[in-house]
$ cat structure-v3.pdb   # PDB, C-alpha atoms
ATOM      1  CA  MET A   1     -15.865 -10.528  33.694
ATOM      2  CA  ARG A   2     -18.116  -8.153  31.749
ATOM      3  CA  LYS A   3     -17.040  -4.520  31.971
ATOM      4  CA  SER A   4     -19.614  -2.001  33.140
ATOM      5  CA  LEU A   5     -20.726   0.773  30.820
ATOM      6  CA  THR A   6     -19.222   3.936  32.261
ATOM      7  CA  PRO A   7     -19.982   7.441  30.921
ATOM      8  CA  GLY A   8     -16.513   7.602  29.388
ATOM      9  CA  ARG A   9     -16.943   4.238  27.655
ATOM     10  CA  ALA A  10     -20.390   5.259  26.377
ATOM     11  CA  ALA A  11     -18.994   8.523  24.993
ATOM     12  CA  ALA A  12     -16.169   6.624  23.268
ATOM     13  CA  TRP A  13     -18.635   4.223  21.640
ATOM     14  CA  ALA A  14     -20.877   7.109  20.570
ATOM     15  CA  LEU A  15     -17.915   8.915  19.002
ATOM     16  CA  LEU A  16     -16.808   5.714  17.256
ATOM     17  CA  ILE A  17     -20.292   5.167  15.818
ATOM     18  CA  VAL A  18     -20.483   8.763  14.589
ATOM     19  CA  LEU A  19     -17.084   8.494  12.921
ATOM     20  CA  MET A  20     -18.058   5.183  11.313
ATOM     21  CA  VAL A  21     -21.289   6.680   9.937
ATOM     22  CA  LEU A  22     -19.414   9.699   8.564
ATOM     23  CA  THR A  23     -16.874   7.394   6.931
ATOM     24  CA  LEU A  24     -19.403   5.044   5.337
ATOM     25  CA  PHE A  25     -22.010   7.627   4.333
ATOM     26  CA  PRO A  26     -20.262   8.673   1.061
ATOM     27  CA  PHE A  27     -20.178   5.026   0.003
ATOM     28  CA  TYR A  28     -23.883   4.656   0.822
ATOM     29  CA  TRP A  29     -24.666   7.833  -1.140
ATOM     30  CA  MET A  30     -22.816   6.376  -4.115
ATOM     31  CA  LEU A  31     -24.997   3.249  -3.845
ATOM     32  CA  ARG A  32     -28.146   5.341  -3.533
ATOM     33  CA  THR A  33     -27.265   7.385  -6.632
ATOM     34  CA  ALA A  34     -26.202   4.352  -8.694
ATOM     35  CA  PHE A  35     -29.565   2.635  -8.164
ATOM     36  CA  SER A  36     -31.573   5.774  -8.938
ATOM     37  CA  ASP A  37     -33.208   6.989 -12.142
ATOM     38  CA  ASN A  38     -31.021   9.827 -13.387
ATOM     39  CA  THR A  39     -34.032  11.796 -14.661
ATOM     40  CA  GLN A  40     -35.526  11.922 -11.155
ATOM     41  CA  LEU A  41     -32.397  12.725  -9.126
ATOM     42  CA  ALA A  42     -32.628  16.501  -9.545
ATOM     43  CA  GLY A  43     -36.202  16.496  -8.217
ATOM     44  CA  HIS A  44     -35.297  14.562  -5.042
ATOM     45  CA  PRO A  45     -31.810  15.771  -4.040
ATOM     46  CA  SER A  46     -32.267  15.086  -0.315
ATOM     47  CA  SER A  47     -33.849  11.648  -0.533
ATOM     48  CA  LEU A  48     -31.886   9.068   1.456
ATOM     49  CA  LEU A  49     -33.356   6.190  -0.554
ATOM     50  CA  PRO A  50     -32.828   5.445  -4.259
ATOM     51  CA  VAL A  51     -35.106   7.557  -6.464
ATOM     52  CA  GLU A  52     -37.186   5.309  -8.739
ATOM     53  CA  THR A  53     -34.970   2.277  -8.101
ATOM     54  CA  THR A  54     -33.536   0.853 -11.334
ATOM     55  CA  LEU A  55     -30.525  -1.022 -12.704
ATOM     56  CA  GLY A  56     -30.382   1.207 -15.756
ATOM     57  CA  ALA A  57     -27.158   2.915 -14.701
ATOM     58  CA  PHE A  58     -25.327  -0.412 -14.446
ATOM     59  CA  LYS A  59     -26.661  -1.473 -17.840
ATOM     60  CA  ARG A  60     -25.389   1.764 -19.389
ATOM     61  CA  VAL A  61     -21.940   1.315 -17.872
ATOM     62  CA  LEU A  62     -21.643  -2.315 -18.937
ATOM     63  CA  GLY A  63     -22.855  -1.543 -22.461
ATOM     64  CA  LEU A  64     -26.097  -3.518 -22.105
ATOM     65  CA  SER A  65     -28.395  -0.692 -23.243
ATOM     66  CA  THR A  66     -28.678   1.233 -26.494
ATOM     67  CA  VAL A  67     -28.009   4.964 -26.820
ATOM     68  CA  GLU A  68     -31.763   5.613 -27.086
ATOM     69  CA  GLU A  69     -32.471   3.621 -23.916
ATOM     70  CA  ALA A  70     -29.645   5.355 -22.071
ATOM     71  CA  GLN A  71     -30.912   8.822 -23.003
ATOM     72  CA  ALA A  72     -34.482   7.894 -22.082
ATOM     73  CA  GLN A  73     -33.219   6.968 -18.587
ATOM     74  CA  GLY A  74     -31.439  10.288 -18.181
ATOM     75  CA  GLY A  75     -28.041   9.144 -19.371
ATOM     76  CA  SER A  76     -25.814  11.298 -21.523
ATOM     77  CA  GLY A  77     -25.598   8.710 -24.281
ATOM     78  CA  ALA A  78     -21.833   8.610 -23.894
ATOM     79  CA  ALA A  79     -20.196   5.245 -24.458
ATOM     80  CA  VAL A  80     -18.039   3.571 -21.819
ATOM     81  CA  ASN A  81     -15.777   0.774 -23.027
ATOM     82  CA  PHE A  82     -15.775  -0.614 -19.498
ATOM     83  CA  TRP A  83     -14.186  -3.994 -20.188
ATOM     84  CA  LEU A  84     -11.281  -2.441 -22.105
ATOM     85  CA  TYR A  85     -10.570  -0.004 -19.277
ATOM     86  CA  LEU A  86     -10.901  -2.799 -16.734
ATOM     87  CA  ARG A  87      -8.350  -4.866 -18.662
ATOM     88  CA  ASN A  88      -5.967  -1.905 -18.789
ATOM     89  CA  SER A  89      -6.250  -1.329 -15.045
ATOM     90  CA  VAL A  90      -5.594  -5.004 -14.339
ATOM     91  CA  ILE A  91      -2.506  -5.000 -16.582
ATOM     92  CA  VAL A  92      -1.046  -1.828 -15.082
ATOM     93  CA  SER A  93      -1.765  -2.785 -11.459
ATOM     94  CA  THR A  94      -0.542  -6.377 -11.813
ATOM     95  CA  VAL A  95       2.747  -5.573 -13.571
ATOM     96  CA  THR A  96       3.463  -2.629 -11.252
ATOM     97  CA  THR A  97       2.823  -4.777  -8.182
ATOM     98  CA  LEU A  98       4.957  -7.708  -9.328
ATOM     99  CA  CYS A  99       7.925  -5.526 -10.312
ATOM    100  CA  GLN A 100       7.772  -3.211  -7.317
ATOM    101  CA  VAL A 101       7.494  -5.993  -4.735
ATOM    102  CA  PHE A 102      10.270  -8.053  -6.320
ATOM    103  CA  PHE A 103      12.821  -5.243  -6.650
ATOM    104  CA  SER A 104      11.902  -3.741  -3.280
ATOM    105  CA  ALA A 105      12.428  -7.116  -1.623
ATOM    106  CA  MET A 106      15.918  -7.383  -3.111
ATOM    107  CA  ALA A 107      16.789  -3.841  -2.025
ATOM    108  CA  ALA A 108      15.399  -4.450   1.466
ATOM    109  CA  TYR A 109      17.503  -7.609   1.774
ATOM    110  CA  ALA A 110      20.617  -5.659   0.806
ATOM    111  CA  PHE A 111      19.890  -3.031   3.459
ATOM    112  CA  ALA A 112      18.970  -5.539   6.171
ATOM    113  CA  ARG A 113      21.360  -8.475   5.746
ATOM    114  CA  LEU A 114      24.368  -7.402   3.659
ATOM    115  CA  ARG A 115      27.304  -5.354   4.891
ATOM    116  CA  TRP A 116      28.703  -2.799   2.464
ATOM    117  CA  PRO A 117      30.260   0.675   2.762
ATOM    118  CA  GLY A 118      27.759   3.505   3.151
ATOM    119  CA  ARG A 119      24.791   1.209   3.681
ATOM    120  CA  ASP A 120      23.260   3.196   6.535
ATOM    121  CA  LYS A 121      23.784   6.527   4.773
ATOM    122  CA  VAL A 122      22.103   5.279   1.617
ATOM    123  CA  PHE A 123      19.205   3.916   3.644
ATOM    124  CA  ALA A 124      18.847   7.282   5.411
ATOM    125  CA  LEU A 125      18.654   8.869   1.967
ATOM    126  CA  PHE A 126      15.869   6.458   1.051
ATOM    127  CA  LEU A 127      14.000   7.383   4.225
ATOM    128  CA  ALA A 128      14.397  11.065   3.376
ATOM    129  CA  ALA A 129      12.692  10.350   0.064
ATOM    130  CA  LEU A 130       9.546   9.495   2.022
ATOM    131  CA  MET A 131       9.241  13.199   2.864
ATOM    132  CA  VAL A 132       9.355  14.325  -0.786
ATOM    133  CA  PRO A 133       5.811  14.937  -2.137
ATOM    134  CA  PRO A 134       5.172  12.803  -5.245
ATOM    135  CA  ILE A 135       4.109  15.881  -7.200
ATOM    136  CA  PHE A 136       7.745  17.092  -7.147
ATOM    137  CA  THR A 137       8.898  14.079  -9.162
ATOM    138  CA  THR A 138       6.000  14.111 -11.618
ATOM    139  CA  LEU A 139       7.494  16.623 -14.066
ATOM    140  CA  PRO A 140      10.973  14.986 -14.270
ATOM    141  CA  ASN A 141       9.330  11.582 -14.745
ATOM    142  CA  PHE A 142       7.060  12.958 -17.464
ATOM    143  CA  VAL A 143       9.995  14.515 -19.336
ATOM    144  CA  LEU A 144      11.921  11.237 -19.079
ATOM    145  CA  ILE A 145       9.013   9.139 -20.338
ATOM    146  CA  LYS A 146       8.411  11.596 -23.186
ATOM    147  CA  ASN A 147      12.077  11.547 -24.246
ATOM    148  CA  LEU A 148      12.002   7.749 -24.206
ATOM    149  CA  GLY A 149       8.997   7.807 -26.540
ATOM    150  CA  LEU A 150       6.811   5.926 -24.076
ATOM    151  CA  LEU A 151       3.816   8.263 -23.913
ATOM    152  CA  ASN A 152       0.461   6.490 -24.381
ATOM    153  CA  SER A 153       1.931   3.096 -23.600
ATOM    154  CA  PHE A 154       1.679   0.644 -20.730
ATOM    155  CA  ALA A 155       5.431   0.929 -20.188
ATOM    156  CA  GLY A 156       5.150   4.687 -19.702
ATOM    157  CA  ILE A 157       2.449   4.263 -17.054
ATOM    158  CA  ILE A 158       4.206   1.425 -15.240
ATOM    159  CA  LEU A 159       7.908   2.342 -15.257
ATOM    160  CA  PRO A 160       8.044   5.178 -12.651
ATOM    161  CA  GLY A 161       6.621   2.890  -9.959
ATOM    162  CA  ALA A 162       7.933  -0.449 -11.188
ATOM    163  CA  LEU A 163      11.360  -0.635  -9.584
ATOM    164  CA  MET A 164      10.904   0.273  -5.936
ATOM    165  CA  THR A 165       9.523   2.796  -3.443
ATOM    166  CA  PRO A 166      11.044   3.991  -0.147
ATOM    167  CA  PHE A 167       8.025   2.779   1.820
ATOM    168  CA  ALA A 168       8.190  -0.726   0.315
ATOM    169  CA  ILE A 169      11.894  -1.018   1.095
ATOM    170  CA  PHE A 170      11.434   0.245   4.653
ATOM    171  CA  PHE A 171       8.447  -2.040   5.232
ATOM    172  CA  LEU A 172      10.267  -5.212   4.131
ATOM    173  CA  ARG A 173      13.588  -4.242   5.726
ATOM    174  CA  GLN A 174      11.910  -4.030   9.120
ATOM    175  CA  PHE A 175      10.704  -7.611   8.774
ATOM    176  CA  PHE A 176      13.978  -8.947   7.340
ATOM    177  CA  LEU A 177      15.848  -7.563  10.371
ATOM    178  CA  GLY A 178      13.784  -9.860  12.601
ATOM    179  CA  ILE A 179      14.788 -13.059  10.790
ATOM    180  CA  SER A 180      17.294 -15.102  12.772
ATOM    181  CA  ARG A 181      20.849 -14.835  11.458
ATOM    182  CA  GLU A 182      21.551 -18.377  12.643
ATOM    183  CA  LEU A 183      19.495 -19.669   9.720
ATOM    184  CA  GLU A 184      21.669 -17.774   7.246
ATOM    185  CA  GLU A 185      24.857 -18.874   8.929
ATOM    186  CA  ALA A 186      23.740 -22.517   8.812
ATOM    187  CA  ALA A 187      22.910 -22.148   5.120
ATOM    188  CA  MET A 188      26.308 -20.570   4.412
ATOM    189  CA  ILE A 189      28.026 -23.465   6.158
ATOM    190  CA  ASP A 190      26.206 -25.756   3.744
ATOM    191  CA  GLY A 191      27.591 -23.717   0.836
ATOM    192  CA  ALA A 192      24.600 -21.482   0.094
ATOM    193  CA  GLY A 193      25.212 -18.024  -1.309
ATOM    194  CA  HIS A 194      23.177 -14.880  -0.842
ATOM    195  CA  ARG A 195      20.986 -15.608  -3.851
ATOM    196  CA  ARG A 196      20.022 -19.037  -2.525
ATOM    197  CA  ILE A 197      19.476 -17.645   0.989
ATOM    198  CA  PHE A 198      17.279 -14.862  -0.384
ATOM    199  CA  PHE A 199      15.062 -17.087  -2.518
ATOM    200  CA  GLY A 200      15.189 -20.211  -0.353
ATOM    201  CA  ILE A 201      14.970 -18.818   3.175
ATOM    202  CA  VAL A 202      14.123 -15.118   3.382
ATOM    203  CA  ILE A 203      11.328 -15.006   0.790
ATOM    204  CA  PRO A 204       9.433 -18.076   2.108
ATOM    205  CA  MET A 205       9.681 -16.806   5.696
ATOM    206  CA  SER A 206       8.434 -13.364   4.604
ATOM    207  CA  ALA A 207       5.359 -14.529   2.715
ATOM    208  CA  ALA A 208       2.942 -12.610   4.981
ATOM    209  CA  PRO A 209       4.552  -9.138   4.756
ATOM    210  CA  ILE A 210       5.272  -9.590   1.055
ATOM    211  CA  ALA A 211       1.623 -10.473   0.438
ATOM    212  CA  THR A 212       0.573  -7.445   2.474
ATOM    213  CA  LEU A 213       2.860  -5.147   0.514
ATOM    214  CA  ALA A 214       1.551  -6.611  -2.744
ATOM    215  CA  ILE A 215      -2.051  -5.902  -1.713
ATOM    216  CA  LEU A 216      -1.282  -2.325  -0.662
ATOM    217  CA  THR A 217       0.689  -1.708  -3.857
ATOM    218  CA  TYR A 218      -2.074  -3.164  -6.022
ATOM    219  CA  ILE A 219      -4.730  -0.990  -4.382
ATOM    220  CA  ASN A 220      -2.575   2.123  -4.703
ATOM    221  CA  SER A 221      -1.817   1.420  -8.364
ATOM    222  CA  TRP A 222      -5.478   0.671  -9.104
ATOM    223  CA  ASN A 223      -6.585   3.986  -7.582
ATOM    224  CA  ASP A 224      -3.873   6.110  -9.206
ATOM    225  CA  TYR A 225      -5.310   8.853 -11.406
ATOM    226  CA  PHE A 226      -2.948  11.742 -12.071
ATOM    227  CA  TRP A 227       0.010   9.884 -13.606
ATOM    228  CA  PRO A 228      -2.083   7.645 -15.936
ATOM    229  CA  LEU A 229      -3.962  10.790 -16.996
ATOM    230  CA  LEU A 230      -0.693  12.483 -17.994
ATOM    231  CA  VAL A 231       0.910   9.683 -19.978
ATOM    232  CA  GLY A 232      -1.985   7.387 -20.989
ATOM    233  CA  GLN A 233      -4.615   9.499 -22.713
ATOM    234  CA  GLN A 234      -5.249   7.194 -25.672
ATOM    235  CA  GLU A 235      -8.149   4.795 -25.271
ATOM    236  CA  ASN A 236      -6.108   1.639 -25.804
ATOM    237  CA  VAL A 237      -4.118   2.283 -22.588
ATOM    238  CA  ARG A 238      -6.688   4.315 -20.618
ATOM    239  CA  VAL A 239      -7.288   2.952 -17.120
ATOM    240  CA  LEU A 240     -10.582   2.936 -15.223
ATOM    241  CA  THR A 241      -9.880   5.946 -13.020
ATOM    242  CA  VAL A 242      -9.112   8.122 -16.049
ATOM    243  CA  ALA A 243     -12.054   6.685 -17.967
ATOM    244  CA  LEU A 244     -14.432   7.770 -15.198
ATOM    245  CA  GLY A 245     -13.195  11.331 -15.541
ATOM    246  CA  VAL A 246     -13.685  11.236 -19.306
ATOM    247  CA  PHE A 247     -17.171   9.779 -18.850
ATOM    248  CA  ARG A 248     -17.983  12.613 -16.441
ATOM    249  CA  SER A 249     -17.059  15.218 -19.073
ATOM    250  CA  GLN A 250     -19.085  13.622 -21.899
ATOM    251  CA  THR A 251     -22.424  15.349 -21.367
ATOM    252  CA  PRO A 252     -24.080  16.008 -24.750
ATOM    253  CA  GLN A 253     -27.416  16.609 -23.026
ATOM    254  CA  GLY A 254     -25.924  19.263 -20.748
ATOM    255  CA  GLY A 255     -26.333  17.344 -17.476
ATOM    256  CA  PRO A 256     -23.947  14.748 -16.031
ATOM    257  CA  ASP A 257     -25.104  11.156 -15.845
ATOM    258  CA  TRP A 258     -24.625  10.998 -12.086
ATOM    259  CA  ALA A 259     -26.295   7.617 -11.739
ATOM    260  CA  GLY A 260     -24.085   6.118 -14.439
ATOM    261  CA  LEU A 261     -20.978   7.739 -13.003
ATOM    262  CA  MET A 262     -21.680   6.384  -9.528
ATOM    263  CA  ALA A 263     -22.448   2.936 -10.954
ATOM    264  CA  ALA A 264     -19.141   2.932 -12.817
ATOM    265  CA  ALA A 265     -17.271   4.112  -9.711
ATOM    266  CA  LEU A 266     -18.924   1.390  -7.641
ATOM    267  CA  ILE A 267     -18.010  -1.354 -10.101
ATOM    268  CA  ALA A 268     -14.443  -0.023 -10.356
ATOM    269  CA  ALA A 269     -14.026   0.116  -6.566
ATOM    270  CA  LEU A 270     -15.700  -3.204  -5.779
ATOM    271  CA  PRO A 271     -12.693  -5.458  -6.577
ATOM    272  CA  MET A 272     -10.435  -3.376  -4.307
ATOM    273  CA  ILE A 273     -12.984  -3.355  -1.482
ATOM    274  CA  ILE A 274     -13.308  -7.150  -1.650
ATOM    275  CA  LEU A 275      -9.516  -7.545  -1.813
ATOM    276  CA  PHE A 276      -8.959  -5.326   1.209
ATOM    277  CA  LEU A 277     -11.692  -6.931   3.305
ATOM    278  CA  ALA A 278     -10.414 -10.423   2.471
ATOM    279  CA  PHE A 279      -6.881  -9.611   3.653
ATOM    280  CA  ALA A 280      -7.531  -6.904   6.269
ATOM    281  CA  LYS A 281      -6.445  -9.121   9.172
ATOM    282  CA  ARG A 282      -3.239 -10.181   7.414
ATOM    283  CA  ILE A 283      -2.389  -6.559   6.629
ATOM    284  CA  THR A 284      -2.855  -5.523  10.260
ATOM    285  CA  ASN A 285      -0.796  -8.425  11.612
ATOM    286  CA  SER A 286       2.034  -7.922   9.118
ATOM    287  CA  ILE A 287       2.316  -4.221   9.913
ATOM    288  CA  GLY A 288       2.621  -5.141  13.580
ATOM    289  CA  PHE A 289       5.247  -7.805  12.912
ATOM    290  CA  SER A 290       7.238  -5.377  10.758
ATOM    291  CA  GLY A 291       7.688  -2.981  13.665
ATOM    292  CA  ILE A 292       5.908  -0.033  12.057
ATOM    293  CA  LYS A 293       4.327   2.218  14.658
TER     294      LYS A 293
END
$ encode --input "structure-v3.pdb" --output "structure tokens"
Amino acid sequence: MRKSLTPGRAAAWALLIVLMVLTLFPFYWMLRTAFSDNTQLAGHPSSLLPVETTLGAFKRVLGLSTVEEAQAQGGSGAAVNFWLYLRNSVIVSTVTTLCQVFFSAMAAYAFARLRWPGRDKVFALFLAALMVPPIFTTLPNFVLIKNLGLLNSFAGIILPGALMTPFAIFFLRQFFLGISRELEEAAMIDGAGHRRIFFGIVIPMSAAPIATLAILTYINSWNDYFWPLLVGQQENVRVLTVALGVFRSQTPQGGPDWAGLMAAALIAALPMIILFLAFAKRITNSIGFSGIK
């Protein structure tokens, strides 16, 4: 039966539409700026449509135009080694995701299925770590990475987030607690140990939440800016987020290349947007199955 449109329902829909427009408008403005001619942007600051629509900004970012062409289109003439920075971001995000998910899964299994003295107290300590702002651990991590001689290296960028995070452990532990213990007991009767149970039973049954955690970790690592800026300033390990900031500051003509900057930001964000949209339903379902409210 079709529900009637009551004043309350109409107000809720109107509020939802307004919130959706406010959320998506910055992304639209980025699109509008990226497809605009940088020389004409200052003269039409309030235009909702692209100003002198062109693909010049994307050509500048991808290195398909010369310095003279870039400057003629209002670009700064600064070079962006986009493919190098893209490779660096892929390396950092992929290795961080693989390591963090693997070690977090092992820790979550230990907290959920193994019995050992002080287990609950240690887990409570892990949960307390969720309340510690990441900025508080930045300086100790930086000093450690510096003393290890890992500044300006992929290892220095990856290591602080490679082992595990409290959220990842909590997320997987909640799902592991819901797995039937009868399956483990049957496997133990057949002579299986904890390692075989973990890799042969728990991991296959937890494919959905593990995939969800991997996606969330990959997106978070891809978008990280502050830590890669601190320890990865050399170009050979510079990631895309840091490169965009450097590109913003390279303004030999005195004015930022806003069109080029927005084009670079759009290209950098596009893989994550596609990844999230492709797995949005799985993420939502896995969070529900994991018992997170």
$ closest_residue --input "structure-v3.pdb" --among "A:Val239, A:Ile273, A:Val132, A:Ile189" --to "Asp224 (chain A)" --atoms "all atoms listed in the file"
A:Val239
$ residues_around --input "structure-v3.pdb" --residues "Phe276 (chain A)" --least-positions-apart "4" --cutoff "12 Å" --atoms "all atoms listed in the file" --output "list in words"
Ala211, Thr212, Leu213, Ala214, Ile215, Leu216, Thr217, Tyr218, Ile219, Asn220, Ala269, Leu270, Pro271, Met272, Ala280, Lys281, Arg282, Ile283 and Thr284 of chain A
$ atom_distance --input "structure-v3.pdb" --atom1 "CA of Ala243 (chain A)" --atom2 "CA of Ala268 (chain A)"
10.4 Å
$ resolve_selection --input "structure-v3.pdb" --expression "the PyMOL selection byres ((chain A and resi 172-174) around 9)" --output "PDB file with C-alpha atoms, keeping the file's coordinate frame"
ATOM      1  CA  SER A 104      11.902  -3.741  -3.280  1.00  0.00           C
ATOM      2  CA  ALA A 105      12.428  -7.116  -1.623  1.00  0.00           C
ATOM      3  CA  ALA A 107      16.789  -3.841  -2.025  1.00  0.00           C
ATOM      4  CA  ALA A 108      15.399  -4.450   1.466  1.00  0.00           C
ATOM      5  CA  TYR A 109      17.503  -7.609   1.774  1.00  0.00           C
ATOM      6  CA  ALA A 110      20.617  -5.659   0.806  1.00  0.00           C
ATOM      7  CA  PHE A 111      19.890  -3.031   3.459  1.00  0.00           C
ATOM      8  CA  ALA A 112      18.970  -5.539   6.171  1.00  0.00           C
ATOM      9  CA  ARG A 113      21.360  -8.475   5.746  1.00  0.00           C
ATOM     10  CA  PHE A 167       8.025   2.779   1.820  1.00  0.00           C
ATOM     11  CA  ALA A 168       8.190  -0.726   0.315  1.00  0.00           C
ATOM     12  CA  ILE A 169      11.894  -1.018   1.095  1.00  0.00           C
ATOM     13  CA  PHE A 170      11.434   0.245   4.653  1.00  0.00           C
ATOM     14  CA  PHE A 171       8.447  -2.040   5.232  1.00  0.00           C
ATOM     15  CA  PHE A 175      10.704  -7.611   8.774  1.00  0.00           C
ATOM     16  CA  PHE A 176      13.978  -8.947   7.340  1.00  0.00           C
ATOM     17  CA  LEU A 177      15.848  -7.563  10.371  1.00  0.00           C
ATOM     18  CA  GLY A 178      13.784  -9.860  12.601  1.00  0.00           C
ATOM     19  CA  SER A 206       8.434 -13.364   4.604  1.00  0.00           C
ATOM     20  CA  PRO A 209       4.552  -9.138   4.756  1.00  0.00           C
ATOM     21  CA  ILE A 210       5.272  -9.590   1.055  1.00  0.00           C
ATOM     22  CA  LEU A 213       2.860  -5.147   0.514  1.00  0.00           C
ATOM     23  CA  PHE A 289       5.247  -7.805  12.912  1.00  0.00           C
ATOM     24  CA  SER A 290       7.238  -5.377  10.758  1.00  0.00           C
ATOM     25  CA  GLY A 291       7.688  -2.981  13.665  1.00  0.00           C
ATOM     26  CA  ILE A 292       5.908  -0.033  12.057  1.00  0.00           C
TER      27      ILE A 292
END
$ residues_near_point --input "structure-v3.pdb" --point "(-28.2, 4.1, -11.6)" --cutoff "8 Å" --atoms "all atoms listed in the file" --output "JSON, numbers by chain"
{"A": [33, 34, 35, 36, 37, 38, 53, 54, 55, 56, 57, 58, 258, 259, 260, 262, 263]}
$ residues_near_point --input "structure-v3.pdb" --point "(-8.7, 5.7, -11.5)" --cutoff "10 Å" --atoms "only C-alpha atoms" --output "list in words"
Tyr85, Ser89, Asn220, Ser221, Trp222, Asn223, Asp224, Tyr225, Phe226, Trp227, Pro228, Leu229, Arg238, Val239, Leu240, Thr241, Val242, Ala243, Leu244, Gly245, Ala265, Ala268 and Ala269 of chain A
$ axis_aligned_box --input "structure-v3.pdb" --around "region 190-205 of chain A" --padding-each-side "5 Å" --output "AutoDock Vina command-line options"
--center_x 18.5 --center_y -20.3 --center_z 0.9 --size_x 28.2 --size_y 20.9 --size_z 19.5
$ atom_distance --input "structure-v3.pdb" --atom1 "CA of Arg248 (chain A)" --atom2 "CA of Ser46 (chain A)"
21.7 Å
$ residues_around --input "structure-v3.pdb" --residues "Asn88 (chain A)" --least-positions-apart "4" --cutoff "9 Å" --atoms "all atoms listed in the file" --output "number ranges by chain"
A: 83-84, 92-93, 154, 236-240
$ residues_around --input "structure-v3.pdb" --residues "Leu130 (chain A)" --least-positions-apart "4" --cutoff "9 Å" --atoms "only C-alpha atoms" --output "JSON, numbers by chain"
{"A": [126, 165, 166, 167]}
$ closest_residue --input "structure-v3.pdb" --among "A:Leu31, A:Leu49, A:Leu64, A:Leu275" --to "Val80 (chain A)" --atoms "all atoms listed in the file"
A:Leu64
$ atom_distance --input "structure-v3.pdb" --atom1 "CA of Ser249 (chain A)" --atom2 "CA of Ala264 (chain A)"
13.9 Å
$ closest_residue --input "structure-v3.pdb" --among "A:Gly149, A:Pro45, A:Gly118, A:Phe82" --to "Lys59 (chain A)" --atoms "only C-alpha atoms"
A:Phe82
$ resolve_selection --input "structure-v3.pdb" --expression "the PyMOL selection byres ((chain A and resi 184) around 12)" --output "PDB file with C-alpha atoms, in the coordinates of the input"
ATOM      1  CA  ARG A 113      21.360  -8.475   5.746  1.00  0.00           C
ATOM      2  CA  LEU A 114      24.368  -7.402   3.659  1.00  0.00           C
ATOM      3  CA  PHE A 176      13.978  -8.947   7.340  1.00  0.00           C
ATOM      4  CA  ILE A 179      14.788 -13.059  10.790  1.00  0.00           C
ATOM      5  CA  SER A 180      17.294 -15.102  12.772  1.00  0.00           C
ATOM      6  CA  ARG A 181      20.849 -14.835  11.458  1.00  0.00           C
ATOM      7  CA  GLU A 182      21.551 -18.377  12.643  1.00  0.00           C
ATOM      8  CA  LEU A 183      19.495 -19.669   9.720  1.00  0.00           C
ATOM      9  CA  GLU A 185      24.857 -18.874   8.929  1.00  0.00           C
ATOM     10  CA  ALA A 186      23.740 -22.517   8.812  1.00  0.00           C
ATOM     11  CA  ALA A 187      22.910 -22.148   5.120  1.00  0.00           C
ATOM     12  CA  MET A 188      26.308 -20.570   4.412  1.00  0.00           C
ATOM     13  CA  ILE A 189      28.026 -23.465   6.158  1.00  0.00           C
ATOM     14  CA  ASP A 190      26.206 -25.756   3.744  1.00  0.00           C
ATOM     15  CA  GLY A 191      27.591 -23.717   0.836  1.00  0.00           C
ATOM     16  CA  ALA A 192      24.600 -21.482   0.094  1.00  0.00           C
ATOM     17  CA  GLY A 193      25.212 -18.024  -1.309  1.00  0.00           C
ATOM     18  CA  HIS A 194      23.177 -14.880  -0.842  1.00  0.00           C
ATOM     19  CA  ARG A 195      20.986 -15.608  -3.851  1.00  0.00           C
ATOM     20  CA  ARG A 196      20.022 -19.037  -2.525  1.00  0.00           C
ATOM     21  CA  ILE A 197      19.476 -17.645   0.989  1.00  0.00           C
ATOM     22  CA  PHE A 198      17.279 -14.862  -0.384  1.00  0.00           C
ATOM     23  CA  PHE A 199      15.062 -17.087  -2.518  1.00  0.00           C
ATOM     24  CA  GLY A 200      15.189 -20.211  -0.353  1.00  0.00           C
ATOM     25  CA  ILE A 201      14.970 -18.818   3.175  1.00  0.00           C
ATOM     26  CA  VAL A 202      14.123 -15.118   3.382  1.00  0.00           C
TER      27      VAL A 202
END
